[in-house]
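Working notes, beginning with the structure itself.
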Amino acid sequence: MIDVQNLTRRYGRHVAVDGVSFQVAQGEVVGLLGPNGAGKTTTMRILAGYLPATSAEVLEVAGHDVLRASLEVRKRIGYLPEAVPLYRELRVEEMLRFHGRLHGMDGARLRSRMGEVLERVGLTDRARQLVGNLSRGLRQRVGLAVALLPGPEVLILDEPTSGLDPLQRREVRDLVRELGAEHTVLVSSHILAEVEAMCPRVLVLTGGRLVADGSREELEARLGGRGAVRVEAVVGPDPEAARALMASLPGVERVELGERLGIHYTFRVHGEGDLREDVGALAATQGWALRELSFQSRSLEELFAHLVAGGDAQELEAAGAASPSGAAPAAEVQPDPAGASLTLELPQAPASSAGAPSERASAAPSPAPQPATGKRVIYSLNPFDRGAQRDLGAPVEVEDAPAPAIDEAGLTPPRPDAGEEPA
Amino acid sequence: MSSHRVDRLAKASIGSRVVLGGLLALAVVVLVNWLAGRPGMRLRVDLTSAGSSSLDPATDRVLKALPGPVTVDVFFRPEAAPLDQVAAAVQGRTLDLLELIRLEAGELVQVTSHDLTNTAAVRERLQELRINGLENCLVVSAPVEGEEVPAREIVPLFGARGCASVDLGNPDRNAWRPATVQSFDAERSLLAAVLKVTQGRRPVVCFSFGHGEGDPFSTDGDPEAFGRLETLLREDGFITRRWNGATDGEVPSDCTVLAILEPEVRLSEDERAAVDAFLERGGRIVLAPHADPGLLAASGIADLCGTLGIEVTEGLVCEPKRDPATTAPVVGGPQVAFVQALPTDMAPHPITGPYRDVGRPLWVPTAHALRVARQPRLGLAQGIVRSPVRPPGSWLDLPPFDWIPDDLEDRQQRDLVVAWSQALESSAGPVPEDWVAERRALVLGSGGLLQDAVLRDPRLGPFNESFARNAFNWVADREYRVSVSPRDPRMERVDGEAAVFVVQVALWGLPLLSLFFAGLTAVLRRRGAPTGAGADA
Amino acid sequence: MRGTLVIYRRELAGLFLAPLGWVLLFLALFANGLFVYLLLDATRGDVGTVLRSALGGGTLFWALLVFLPPLLAMRMMAEESRTGTLEYLLTAPVSDGAVVVGKWLAATTFLGLLWGAVPVYGVLFQLQGASPDWGAVLASWLGAVLASGLFMSLGLLAATLSATPLLAAFLAFVACLGWLLLPTFGGQLLTAATGLLQGTSLAEVALPFLRSSLEGMDVLRHFHYSWRIGVLDTAEVAFFLSWPVLFLFITVRLLEARRWRG
């Protein structure tokens with residue numbers, strides 16, 4: 001349904017999308033993942049026919065050339081732009097009716113379809129409200145309803161979950177998953193958890209280049225994301241010897257020595273499958289006093305952070321569910337043999353212009369754990385934090401709050417600075 | 001696959017097509033405008049109720065048959081109160097009319113509006129037109145072959161032959177009434193002027209000669225000659241000639257006006273036949289019997305006047321003529337004063353109208369009283385200078401001398417000058433059918449008021465020169481009566497209470513109504529649509 | 001066609017659902033009312049002159065035509081571009097032509113309604129016993145609507161060039177003012193140029209051509225001798241329709257260019 005070959009878009013000298021190629025088959029739900037400024041919105045605008053491509057070998061949506069048969073394409077897509085542009089002075093039903101008329105729908109068909117769509121996004125009781133009076137979350141839903149109304153072949157949803165509260169997000173995620181049955185869906189998000197939850201297939205876009213394309217499993221496999229056993233134990237005065245011992249266990253590929261926490265040392269044991277029992281047995285024989293022995297599967301989040309930020313992913317890491325602070329990604333810099341086949345084009349660090357963090361990143365690839373409280377610098381990737389008005393590429397200083405509760409779905413927990421979002 | 005490529009080349013091709021399309025569209029627009037402006041393609045529908053924005057059919061016909069280019073110079077300036085508004089309205093409407101004429105006539109009529117503050121340019125143009133002085137007027141001119149000075153005609157802003165006639169209103173505070181346009185005549189006046197400058201050859205005046213008439217080419221100061229008159233006419237664009245019936249035969253075919261002024265002997269049969277033939281074919285004539293009753297009888301001019309239905313009576317208005325040797329009066333009595341025709345004695349006629357307007361008198365030395373015995377068919381004979389209020393005893397019978405002043409005997413007013421005109425059934429020349437050609441004649445009580453004795457007199461001459469010019473111009477006039485339908489003055493008015501009502505509604509009513517609807521809309525839109533973030537999920 | 005109609009209805013509704021439309025309507029009506037008041041006073045109640053002046057014969061009409069279309073165009077193009085609704089419209093299944101023509105028709109209708117106040121004055125006069133020349137009023141109104149369409153199309157064209165509302169309005173204002181006054185000033189400029197280039201072939205061929213072209217584009221002149229005096233002239237209808245068509249055509253191409261240029 002979507003066929004893109006070598007799509008490039010330049011704004012002056014800046015390359016927003018750089019030689020991106022992908023195909024989406026009918027009925028697929030594909031997530032377009034990447035930080036802000038990665039070219040997601042530009043790509044989607046190009047696909048919707050709003051922006052021109054600077055060059056492309058093939059650019060087809062729903063079987064029509066976007067450049068030359070834009071109108072045909074527009075008849076077949078439902079496009080929800082990131083800013084959810086709606087006429088604020090219209091009522092919800094009027095907005096939908098207007099959109100339906102643009103699509104040539106009329107009379108009973110339009111009415112019934114409007115009812116269905118409103119039901120689906122849960123706005124039936126707000127049909128007579130002015131769009132301008134709705135909260136952002138509700139407007140987002142109206143936008144979805146508008147995109148869905150004509151029953152398009154292809155849905156292009158740019159950040160459909162941004163600005164929603166967790167409950168709403170889940171609703172939208174469920175909705176998008178459902179839509180996969182009827183439509184071909186291309187969803188963008190900068191939040192990996194969203195994409196993970198919605199889309200069987202993920203395209204990772206960063207710096208305008210497509211750096212990964214595949215299902216979650218594929219990506220995990222290719223990037224060596226098979227997990228590791230975390231060991232925290234008292235191993236005596238020579239942690240190196242203990243590391244060598246662990247490495248000698250069968251099935252273990254390598255062992256990393258982490259930092260020292262008081263009398264405890266931490267290790268990460270990488271290998272085939274769950275090696276906890278083997279490590280535990282070893283500890284028993286050696287008389288090590290174990291404080292922790294856990295298996296950690298590598299989340300796509302880590303992979304994403306790795307791909308996108310080249311390892312400098314404190315913020316994502318903070319959000320990472322079970323991973324302790326300052327751990328793995330830094331150690332993962334060496335290419336994984338399993339991932340060799342995957343095109344890995346690591347971009348420049350996105351915030352290379354902002355001095356301090358990048359310096360810190362290069363100087364201390366494996367930073368010391370942060371104190372429990374105090375100021376720290378993060379990159380927020382959610383544009384709606386802080387009212388979406390600030391420069392999203394710039395770091396912000398935040399007060400560390402007590403460890404946030406983890407979302408029940410094991411997804412991104414609200415960050416400390418997410419409290420400003422209207423609830 | 002290549003057709004689906006997006007690259008520089010594909011964009012350049014699209015771009016060039018778009019630019020080409022744009023240029024093509026521009027060309028089409030220009031072409032459409034050009035085509036729509038062609039006379040054949042153009043259709044103008046006048047939606048005004050009185051058709052005030054379209055030309056009369058008569059005007060159309062004249063403009064279509066214009067023989068050559070015509071220039072209209074517009075010298076308009078603001079008028080002072082109370083005519084300011086009226087003048088502005090008439091000027092605006094006249095300019096609109098000129099544009100209509102220009103549209104109809106195409107390039108044949110050129111309209112130039114002069115900025116009167118640019119005095120140098122205006123003076124230069126007036127110099128070219130040989131016009132002195134300036135009023136609020138239009139000047140219609142057309143080049144004349146072989147002449148440096150174009151034929152030109154002035155159309156004033158107001159007046160009988162102007163753009164409009166106005167009612168001055170009443171400036172009195174108690175009975176105040178604004179000045180108003182009574183009728184808008186610009187079309188008729190302009191058309192008359194256009195016809196005059198395009199159709200008028202220079203008129204030829206033939207002075208009959210050889211019957212004792214005063215010499216028109218005299219320079220020697222003979223008081224009975226018409227030398228000054230001839231000069232005046234020549235300056236005014238007339239061609240002057242002598243005509244001697246005995247030697248020249250027929251009246252020349254290009255003769256416009258035949259002037260038979262104070263002949264002393266009877267015209268021969270042939271000459272009389274020639275004059276009759278001339279009159280028959282629409283010739284114009286100025287007749288003046290000799291002041292001397294004896295010579296009047298001898299010349300037979302009375303007969304000629306009789307054919308026009310004008311009777312020359314024996315009564316005489318006279319300045320006494322004295323024998324230079326004895327100083328005894330030869331004609332007239334000693335108590336007779338020089339006769340002055342006062343403006344009030346003159347008719348509102350093109351010849352004498354200006355005298356009435358500016359209040360100037362006219363000197364009439366000796367003259368027979370005239371009487372219109374019979375009105376011409378399809379025409380009008382009109383006394384334009386009547387028996388003046390005069391000093392006692394100025395009316396005398398001569399002969400026989402009964403020494404009883406006529407006014408004691410007969411208080412009837414007498415005409416001294418009669419203007420006679422008659423419509424011609426068949427018009428000559430390339431004249432539109434709606435136009436009526438006229439035959440004209442002017443009969444004077446005597447030639448005295450045109451003789452050098454008066455015209456060369458520094459005190460009296462200036463008073464009579466205008467009369468001389470006007471007289472011949474009127475007689476020679478090729479003006480045709482234009483039948484242009486009258487135009488409404490376009491002056492619906494509201495005042496007082498009515499105006500206040502309209503202003504109230506216009507100034508407050510409608511804007512407040514719009515505000516009301518704005519509020520209504522806002523309220524209706526809010527209804528059923530609870531506002532605020534409280535509705536947030 | 002269907003798309004045009006749908007857009008037209010929404011845009012017209014949009015004008016009357018948002019404050020801007022009402023504010024403009026109120027101000028223009030008030031200005032018109034003031035104009036009528038002053039003119040009635042100056043002409044001592046001359047109905048015909050007042051109505052003619054309010055519909056193209058007076059300065060105020062042209063001043064409004066220079067100010068209102070830029071504001072409307074700003075709202076319809078630049079502001080939508082800013083709030084993103086233009087992105088919505090341009091990705092909806094309507095041709096760009098339908099979008100532009102729909103907006104243009106809506107704005108022109110709005111202005112037509114505004115000029116409709118003048119026939120209302122006419123009705124008031126009629127009620128007061130001074131019957132206006134209805135044929136002339138109708139012709140003037142028609143001309144006013146067509147002139148509005150012309151300036152509106154020019155405004156839309158200029159407003160499309162910028163996504164910043166204020167700049168768009170300014171550009172449109174300059175375009176409208178230029179189109180209105182260029183023939184006059186251009187004519188004066190040409191006169192000066194003719195003086196300078198006296199005798200050269202340029203002065204004899206190019207300048208008169210330029211002058212006649214300028215005269216051909218003079219809106220005031222076109223309006224003055226047709227609609228204002230109550231004449232429906234096919235050449236003027238062609239003038240007041242063909243130029244908007246060209247401007248709208250260019251506007252559509254400019255919008256379309258967003259899909260392929262860059």
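Residues are referred to by chain and number: the chain letter is A, B, ... according to the order shown in the structure tokens, the number counts from 1 in that chain, and ligands are numbered separately from 1 in the order shown.
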> chain C residues within 6 Å of chain B, counting only C-alpha atoms: which ones, as a list in words?
Replying inline: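 Taken together, these residues fit the definition: Trp22, Phe26, Leu29, Phe30, Gly33, Leu34, Tyr37, Gly45, Asp46, Val47, Leu124, Gln128, Ala130, Gly135, Ala136, Gly230, Val231, Leu232, Asp233, Thr234, Ala235, Phe239 and Ser242 of chain C.
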Provide as an mmCIF file with N, CA, C and O atoms, in the first residue's frame the residues of chain C at most 8 Å from chain A, counting only C-alpha atoms.
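Full text of out-v1.cif as output:
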data_model
loop_
_atom_site.group_PDB
_atom_site.id
_atom_site.type_symbol
_atom_site.label_atom_id
_atom_site.label_comp_id
_atom_site.auth_asym_id
_atom_site.auth_seq_id
_atom_site.Cartn_x
_atom_site.Cartn_y
_atom_site.Cartn_z
ATOM 1 N N ARG C 2 -18.244 19.981 -6.563
ATOM 2 C CA ARG C 2 -18.828 19.648 -5.269
ATOM 3 C C ARG C 2 -17.912 20.124 -4.159
ATOM 4 O O ARG C 2 -18.359 20.731 -3.186
ATOM 5 N N GLY C 3 -16.620 19.857 -4.374
ATOM 6 C CA GLY C 3 -15.641 20.284 -3.378
ATOM 7 C C GLY C 3 -15.686 21.783 -3.180
ATOM 8 O O GLY C 3 -15.657 22.277 -2.057
ATOM 9 N N VAL C 6 -18.614 22.699 -1.069
ATOM 10 C CA VAL C 6 -18.438 22.319 0.342
ATOM 11 C C VAL C 6 -17.505 23.313 1.027
ATOM 12 O O VAL C 6 -17.790 23.820 2.110
ATOM 13 N N ILE C 7 -16.395 23.622 0.345
ATOM 14 C CA ILE C 7 -15.436 24.575 0.916
ATOM 15 C C ILE C 7 -16.084 25.939 1.064
ATOM 16 O O ILE C 7 -15.945 26.619 2.083
ATOM 17 N N ARG C 10 -18.318 26.093 4.052
ATOM 18 C CA ARG C 10 -17.599 26.122 5.313
ATOM 19 C C ARG C 10 -16.910 27.467 5.535
ATOM 20 O O ARG C 10 -16.921 28.004 6.632
ATOM 21 N N GLY C 14 -17.470 29.935 8.379
ATOM 22 C CA GLY C 14 -16.320 30.270 9.208
ATOM 23 C C GLY C 14 -16.196 31.767 9.412
ATOM 24 O O GLY C 14 -15.865 32.228 10.490
ATOM 25 N N LEU C 17 -18.796 32.718 11.910
ATOM 26 C CA LEU C 17 -18.722 32.078 13.217
ATOM 27 C C LEU C 17 -17.558 32.623 14.029
ATOM 28 O O LEU C 17 -17.497 32.430 15.236
ATOM 29 N N ALA C 18 -16.646 33.295 13.346
ATOM 30 C CA ALA C 18 -15.497 33.845 14.070
ATOM 31 C C ALA C 18 -15.684 35.351 14.210
ATOM 32 O O ALA C 18 -16.402 35.962 13.432
ATOM 33 N N THR C 83 -2.279 27.689 11.664
ATOM 34 C CA THR C 83 -2.918 26.769 12.594
ATOM 35 C C THR C 83 -2.914 25.338 12.068
ATOM 36 O O THR C 83 -3.270 24.422 12.791
ATOM 37 N N GLY C 84 -2.540 25.163 10.825
ATOM 38 C CA GLY C 84 -2.427 23.807 10.296
ATOM 39 C C GLY C 84 -3.658 23.341 9.556
ATOM 40 O O GLY C 84 -3.656 22.276 8.948
ATOM 41 N N THR C 85 -4.749 24.138 9.611
ATOM 42 C CA THR C 85 -5.942 23.674 8.914
ATOM 43 C C THR C 85 -5.742 23.669 7.405
ATOM 44 O O THR C 85 -6.428 22.964 6.689
ATOM 45 N N GLU C 87 -3.068 22.559 6.088
ATOM 46 C CA GLU C 87 -2.501 21.226 5.872
ATOM 47 C C GLU C 87 -3.627 20.208 5.787
ATOM 48 O O GLU C 87 -3.619 19.314 4.945
ATOM 49 N N TYR C 88 -4.604 20.426 6.666
ATOM 50 C CA TYR C 88 -5.761 19.535 6.635
ATOM 51 C C TYR C 88 -6.477 19.631 5.290
ATOM 52 O O TYR C 88 -6.779 18.618 4.659
ATOM 53 N N LEU C 90 -5.381 20.737 2.419
ATOM 54 C CA LEU C 90 -4.593 20.347 1.250
ATOM 55 C C LEU C 90 -4.348 18.839 1.213
ATOM 56 O O LEU C 90 -3.914 18.312 0.196
ATOM 57 N N THR C 91 -4.608 18.162 2.334
ATOM 58 C CA THR C 91 -4.485 16.707 2.282
ATOM 59 C C THR C 91 -5.859 16.053 2.217
ATOM 60 O O THR C 91 -5.972 14.845 2.257
ATOM 61 N N ALA C 92 -6.895 16.873 2.156
ATOM 62 C CA ALA C 92 -8.243 16.346 1.974
ATOM 63 C C ALA C 92 -8.468 16.134 0.481
ATOM 64 O O ALA C 92 -7.797 16.749 -0.345
ATOM 65 N N PRO C 93 -9.402 15.274 0.147
ATOM 66 C CA PRO C 93 -9.574 14.955 -1.268
ATOM 67 C C PRO C 93 -10.345 16.016 -2.031
ATOM 68 O O PRO C 93 -11.395 15.740 -2.594
ATOM 69 N N VAL C 94 -9.867 17.236 -2.006
ATOM 70 C CA VAL C 94 -10.411 18.271 -2.889
ATOM 71 C C VAL C 94 -9.244 18.841 -3.656
ATOM 72 O O VAL C 94 -8.133 18.910 -3.133
ATOM 73 N N SER C 95 -9.531 19.265 -4.878
ATOM 74 C CA SER C 95 -8.440 19.854 -5.655
ATOM 75 C C SER C 95 -8.084 21.202 -5.037
ATOM 76 O O SER C 95 -8.900 21.839 -4.369
ATOM 77 N N ARG C 258 3.513 23.835 -3.540
ATOM 78 C CA ARG C 258 3.953 23.272 -2.268
ATOM 79 C C ARG C 258 4.069 21.766 -2.344
ATOM 80 O O ARG C 258 4.720 21.148 -1.517
ATOM 81 N N ARG C 259 3.392 21.161 -3.317
ATOM 82 C CA ARG C 259 3.434 19.708 -3.421
ATOM 83 C C ARG C 259 4.637 19.215 -4.225
ATOM 84 O O ARG C 259 4.936 18.034 -4.192
ATOM 85 N N TRP C 260 5.225 20.099 -4.998
ATOM 86 C CA TRP C 260 6.324 19.590 -5.826
ATOM 87 C C TRP C 260 7.601 20.408 -5.718
ATOM 88 O O TRP C 260 8.666 19.920 -6.045
ATOM 89 N N ARG C 261 7.504 21.656 -5.270
ATOM 90 C CA ARG C 261 8.738 22.444 -5.221
ATOM 91 C C ARG C 261 9.472 22.195 -3.921
ATOM 92 O O ARG C 261 8.867 22.077 -2.870
ATOM 93 N N GLY C 262 10.778 22.142 -3.978
ATOM 94 C CA GLY C 262 11.561 21.984 -2.747
ATOM 95 C C GLY C 262 12.152 20.589 -2.645
ATOM 96 O O GLY C 262 11.938 19.738 -3.472
#
> Do you know which residues are at most 12 Å from Thr124 of chain A counting only C-alpha atoms, after dropping those on the same chain fewer than 6 positions away, and could you put them as a PyMOL selection string?
Replying inline: chain A and resi 92-93+114-118+138+141-142+145
Please produce a file of the residues just selected, as a PDB file, in the first residue's frame, where the atoms kept are all heavy atoms.
ATOM      1  N   VAL A  92     -18.192  19.448  16.783  1.00  0.00           N
ATOM      2  CA  VAL A  92     -17.570  18.187  16.395  1.00  0.00           C
ATOM      3  C   VAL A  92     -18.312  17.565  15.217  1.00  0.00           C
ATOM      4  O   VAL A  92     -17.715  17.149  14.222  1.00  0.00           O
ATOM      5  CB  VAL A  92     -17.557  17.220  17.592  1.00  0.00           C
ATOM      6  CG1 VAL A  92     -17.102  15.844  17.152  1.00  0.00           C
ATOM      7  CG2 VAL A  92     -16.669  17.754  18.691  1.00  0.00           C
ATOM      8  N   GLU A  93     -19.639  17.544  15.309  1.00  0.00           N
ATOM      9  CA  GLU A  93     -20.410  16.903  14.240  1.00  0.00           C
ATOM     10  C   GLU A  93     -20.278  17.689  12.938  1.00  0.00           C
ATOM     11  O   GLU A  93     -20.248  17.111  11.855  1.00  0.00           O
ATOM     12  CB  GLU A  93     -21.868  16.777  14.654  1.00  0.00           C
ATOM     13  CG  GLU A  93     -22.481  18.104  15.073  1.00  0.00           C
ATOM     14  CD  GLU A  93     -23.935  17.941  15.493  1.00  0.00           C
ATOM     15  OE1 GLU A  93     -24.381  16.790  15.602  1.00  0.00           O
ATOM     16  OE2 GLU A  93     -24.599  18.966  15.712  1.00  0.00           O
ATOM     17  N   MET A 114     -20.854   8.708  10.694  1.00  0.00           N
ATOM     18  CA  MET A 114     -20.473   9.634  11.757  1.00  0.00           C
ATOM     19  C   MET A 114     -20.759   9.016  13.116  1.00  0.00           C
ATOM     20  O   MET A 114     -19.944   9.096  14.040  1.00  0.00           O
ATOM     21  CB  MET A 114     -21.255  10.946  11.632  1.00  0.00           C
ATOM     22  CG  MET A 114     -20.560  11.989  10.787  1.00  0.00           C
ATOM     23  SD  MET A 114     -21.674  13.340  10.377  1.00  0.00           S
ATOM     24  CE  MET A 114     -21.977  14.040  11.979  1.00  0.00           C
ATOM     25  N   GLY A 115     -21.919   8.388  13.229  1.00  0.00           N
ATOM     26  CA  GLY A 115     -22.268   7.726  14.474  1.00  0.00           C
ATOM     27  C   GLY A 115     -21.248   6.666  14.845  1.00  0.00           C
ATOM     28  O   GLY A 115     -20.740   6.627  15.972  1.00  0.00           O
ATOM     29  N   GLU A 116     -20.899   5.847  13.855  1.00  0.00           N
ATOM     30  CA  GLU A 116     -19.933   4.768  14.107  1.00  0.00           C
ATOM     31  C   GLU A 116     -18.611   5.330  14.604  1.00  0.00           C
ATOM     32  O   GLU A 116     -18.053   4.844  15.601  1.00  0.00           O
ATOM     33  CB  GLU A 116     -19.636   4.021  12.795  1.00  0.00           C
ATOM     34  CG  GLU A 116     -20.672   3.009  12.382  1.00  0.00           C
ATOM     35  CD  GLU A 116     -20.377   2.525  10.965  1.00  0.00           C
ATOM     36  OE1 GLU A 116     -19.173   2.361  10.630  1.00  0.00           O
ATOM     37  OE2 GLU A 116     -21.327   2.338  10.186  1.00  0.00           O
ATOM     38  N   VAL A 117     -18.148   6.332  13.887  1.00  0.00           N
ATOM     39  CA  VAL A 117     -16.815   6.850  14.189  1.00  0.00           C
ATOM     40  C   VAL A 117     -16.792   7.507  15.562  1.00  0.00           C
ATOM     41  O   VAL A 117     -15.861   7.311  16.339  1.00  0.00           O
ATOM     42  CB  VAL A 117     -16.379   7.836  13.088  1.00  0.00           C
ATOM     43  CG1 VAL A 117     -15.122   8.526  13.494  1.00  0.00           C
ATOM     44  CG2 VAL A 117     -16.172   7.112  11.790  1.00  0.00           C
ATOM     45  N   LEU A 118     -17.830   8.263  15.855  1.00  0.00           N
ATOM     46  CA  LEU A 118     -17.889   8.929  17.152  1.00  0.00           C
ATOM     47  C   LEU A 118     -17.935   7.891  18.273  1.00  0.00           C
ATOM     48  O   LEU A 118     -17.293   8.036  19.309  1.00  0.00           O
ATOM     49  CB  LEU A 118     -19.119   9.836  17.214  1.00  0.00           C
ATOM     50  CG  LEU A 118     -18.976  11.164  16.463  1.00  0.00           C
ATOM     51  CD1 LEU A 118     -20.286  11.927  16.466  1.00  0.00           C
ATOM     52  CD2 LEU A 118     -17.888  12.008  17.104  1.00  0.00           C
ATOM     53  N   LEU A 138      -9.232  15.283  23.856  1.00  0.00           N
ATOM     54  CA  LEU A 138     -10.474  15.080  23.119  1.00  0.00           C
ATOM     55  C   LEU A 138     -10.320  15.514  21.672  1.00  0.00           C
ATOM     56  O   LEU A 138     -10.851  14.877  20.755  1.00  0.00           O
ATOM     57  CB  LEU A 138     -11.604  15.860  23.789  1.00  0.00           C
ATOM     58  CG  LEU A 138     -12.051  15.288  25.135  1.00  0.00           C
ATOM     59  CD1 LEU A 138     -13.101  16.179  25.758  1.00  0.00           C
ATOM     60  CD2 LEU A 138     -12.612  13.879  24.923  1.00  0.00           C
ATOM     61  N   ARG A 141      -8.855  12.956  19.699  1.00  0.00           N
ATOM     62  CA  ARG A 141      -9.804  11.926  19.314  1.00  0.00           C
ATOM     63  C   ARG A 141     -10.679  12.379  18.155  1.00  0.00           C
ATOM     64  O   ARG A 141     -11.014  11.594  17.281  1.00  0.00           O
ATOM     65  CB  ARG A 141     -10.702  11.592  20.512  1.00  0.00           C
ATOM     66  CG  ARG A 141      -9.932  10.879  21.589  1.00  0.00           C
ATOM     67  CD  ARG A 141     -10.877  10.048  22.382  1.00  0.00           C
ATOM     68  NE  ARG A 141     -10.803  10.363  23.803  1.00  0.00           N
ATOM     69  CZ  ARG A 141     -11.683   9.901  24.684  1.00  0.00           C
ATOM     70  NH1 ARG A 141     -12.686   9.159  24.280  1.00  0.00           N
ATOM     71  NH2 ARG A 141     -11.549  10.199  25.949  1.00  0.00           N
ATOM     72  N   VAL A 142     -11.036  13.683  18.182  1.00  0.00           N
ATOM     73  CA  VAL A 142     -11.814  14.196  17.049  1.00  0.00           C
ATOM     74  C   VAL A 142     -11.002  14.048  15.773  1.00  0.00           C
ATOM     75  O   VAL A 142     -11.518  13.636  14.731  1.00  0.00           O
ATOM     76  CB  VAL A 142     -12.207  15.677  17.261  1.00  0.00           C
ATOM     77  CG1 VAL A 142     -12.954  16.199  16.055  1.00  0.00           C
ATOM     78  CG2 VAL A 142     -13.047  15.825  18.509  1.00  0.00           C
ATOM     79  N   ALA A 145     -11.204  10.653  14.643  1.00  0.00           N
ATOM     80  CA  ALA A 145     -12.514  10.404  14.055  1.00  0.00           C
ATOM     81  C   ALA A 145     -12.578  10.945  12.634  1.00  0.00           C
ATOM     82  O   ALA A 145     -13.084  10.293  11.720  1.00  0.00           O
ATOM     83  CB  ALA A 145     -13.594  11.051  14.913  1.00  0.00           C
TER      84      ALA A 145
END
Within 8 Å of chain B: each chain A residue with its shortest pair, only C-alpha atoms, as a Markdown table:
| residue | atom | partner | partner_atom | distance |
| --- | --- | --- | --- | --- |
| A:Ala53 | CA | B:Val6 | CA | 7.1 |
| A:Thr54 | CA | B:Asp7 | CA | 6.5 |
| A:Ser55 | CA | B:Asp7 | CA | 4.3 |
| A:Ala56 | CA | B:Val6 | CA | 4.6 |
| A:Glu57 | CA | B:Arg5 | CA | 4.3 |
| A:Val58 | CA | B:Arg5 | CA | 5.6 |
| A:Leu59 | CA | B:His4 | CA | 7.0 |
| A:Asp65 | CA | B:His4 | CA | 6.6 |
| A:Leu67 | CA | B:Val6 | CA | 7.6 |
| A:Arg128 | CA | B:Ala529 | CA | 5.9 |
| A:Gln129 | CA | B:Ala529 | CA | 4.3 |
| A:Leu130 | CA | B:Ala529 | CA | 6.2 |
| A:Asn133 | CA | B:Thr531 | CA | 5.5 |
| A:Leu134 | CA | B:Asp536 | CA | 6.9 |
| A:Ser135 | CA | B:Asp536 | CA | 5.4 |
| A:Gly137 | CA | B:Ala537 | CA | 7.7 |
| A:Leu138 | CA | B:Asp536 | CA | 7.3 |
| A:Ala423 | CA | B:Ala537 | CA | 7.7 |
>> Taking 4 positions as the minimum chain separation for residues in the same chain, which residues sit within 12 Å of Phe170 of chain C when counting only C-alpha atoms? Answer as an NGL selection string.
In response: :C and (66-74 or 78 or 155-156 or 158-166 or 174-178)
>> Between atom CA of Thr191 of chain C and atom CA of Glu215 of chain C, what distance in Å does the model show, to one decimal?
In response: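 Here the two named atoms are 13.1 Å from each other.
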>> At a cut-off of 9 Å, using only C-alpha atoms, what residues contact Trp420 of chain B? Leave out same-chain residues fewer than 2 positions from it and give the result as a PyMOL selection string.
In response: chain B and resi 308+375-376+379-383+418+422+439-443
>> List the spatial neighbours of Gln23 of chain A as number ranges by chain - criterion: any atom at most 9 Å away, only C-alpha atoms, same-chain residues fewer than 2 positions off excluded.
In response: A: 1-5, 21, 25
Keeping only C-alpha atoms, take the residues you just selected and write them out as a short mmCIF file (atom, residue, chain, number, x, y, z; two decimals), in the first residue's frame.
data_model
loop_
_atom_site.label_atom_id
_atom_site.label_comp_id
_atom_site.auth_asym_id
_atom_site.auth_seq_id
_atom_site.Cartn_x
_atom_site.Cartn_y
_atom_site.Cartn_z
CA MET A 1 0.00 0.00 0.00
CA ILE A 2 2.89 2.29 0.69
CA ASP A 3 5.97 2.06 -1.44
CA VAL A 4 8.84 4.42 -0.81
CA GLN A 5 12.18 4.13 -2.52
CA SER A 21 13.08 3.25 1.54
CA ALA A 25 1.79 -4.14 2.70
#
>> Report as a PyMOL selection string all protein, DNA and RNA residues lying within 12 Å of Gly237 of chain B, evaluated on only C-alpha atoms, omitting residues in the same chain fewer than 3 positions from it.
In response: chain B and resi 130+144+147-152+200-205+230-234+240+469+472-473+476
>> Please return, as a PyMOL selection string, all residues of segment 55-99 of chain B that DSSP assigns to helix (DSSP H, G or I) on the basis of the backbone.
In response: chain B and resi 57-64+84-99
> For Leu146 of chain C, which residue out of C:Gly56, C:Pro19, C:Pro119, C:Pro132 is the nearest one, using only C-alpha atoms?
Replying inline: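 Once distances to Leu146 of chain C are computed over only C-alpha atoms, the minimum belongs to C:Gly56.
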>> Please identify the strand (DSSP E) residues within segment 172-219 of chain A (assignment by DSSP from backbone atoms) and present them as a PyMOL selection string.
In response: chain A and resi 184-189+201-206+209-215
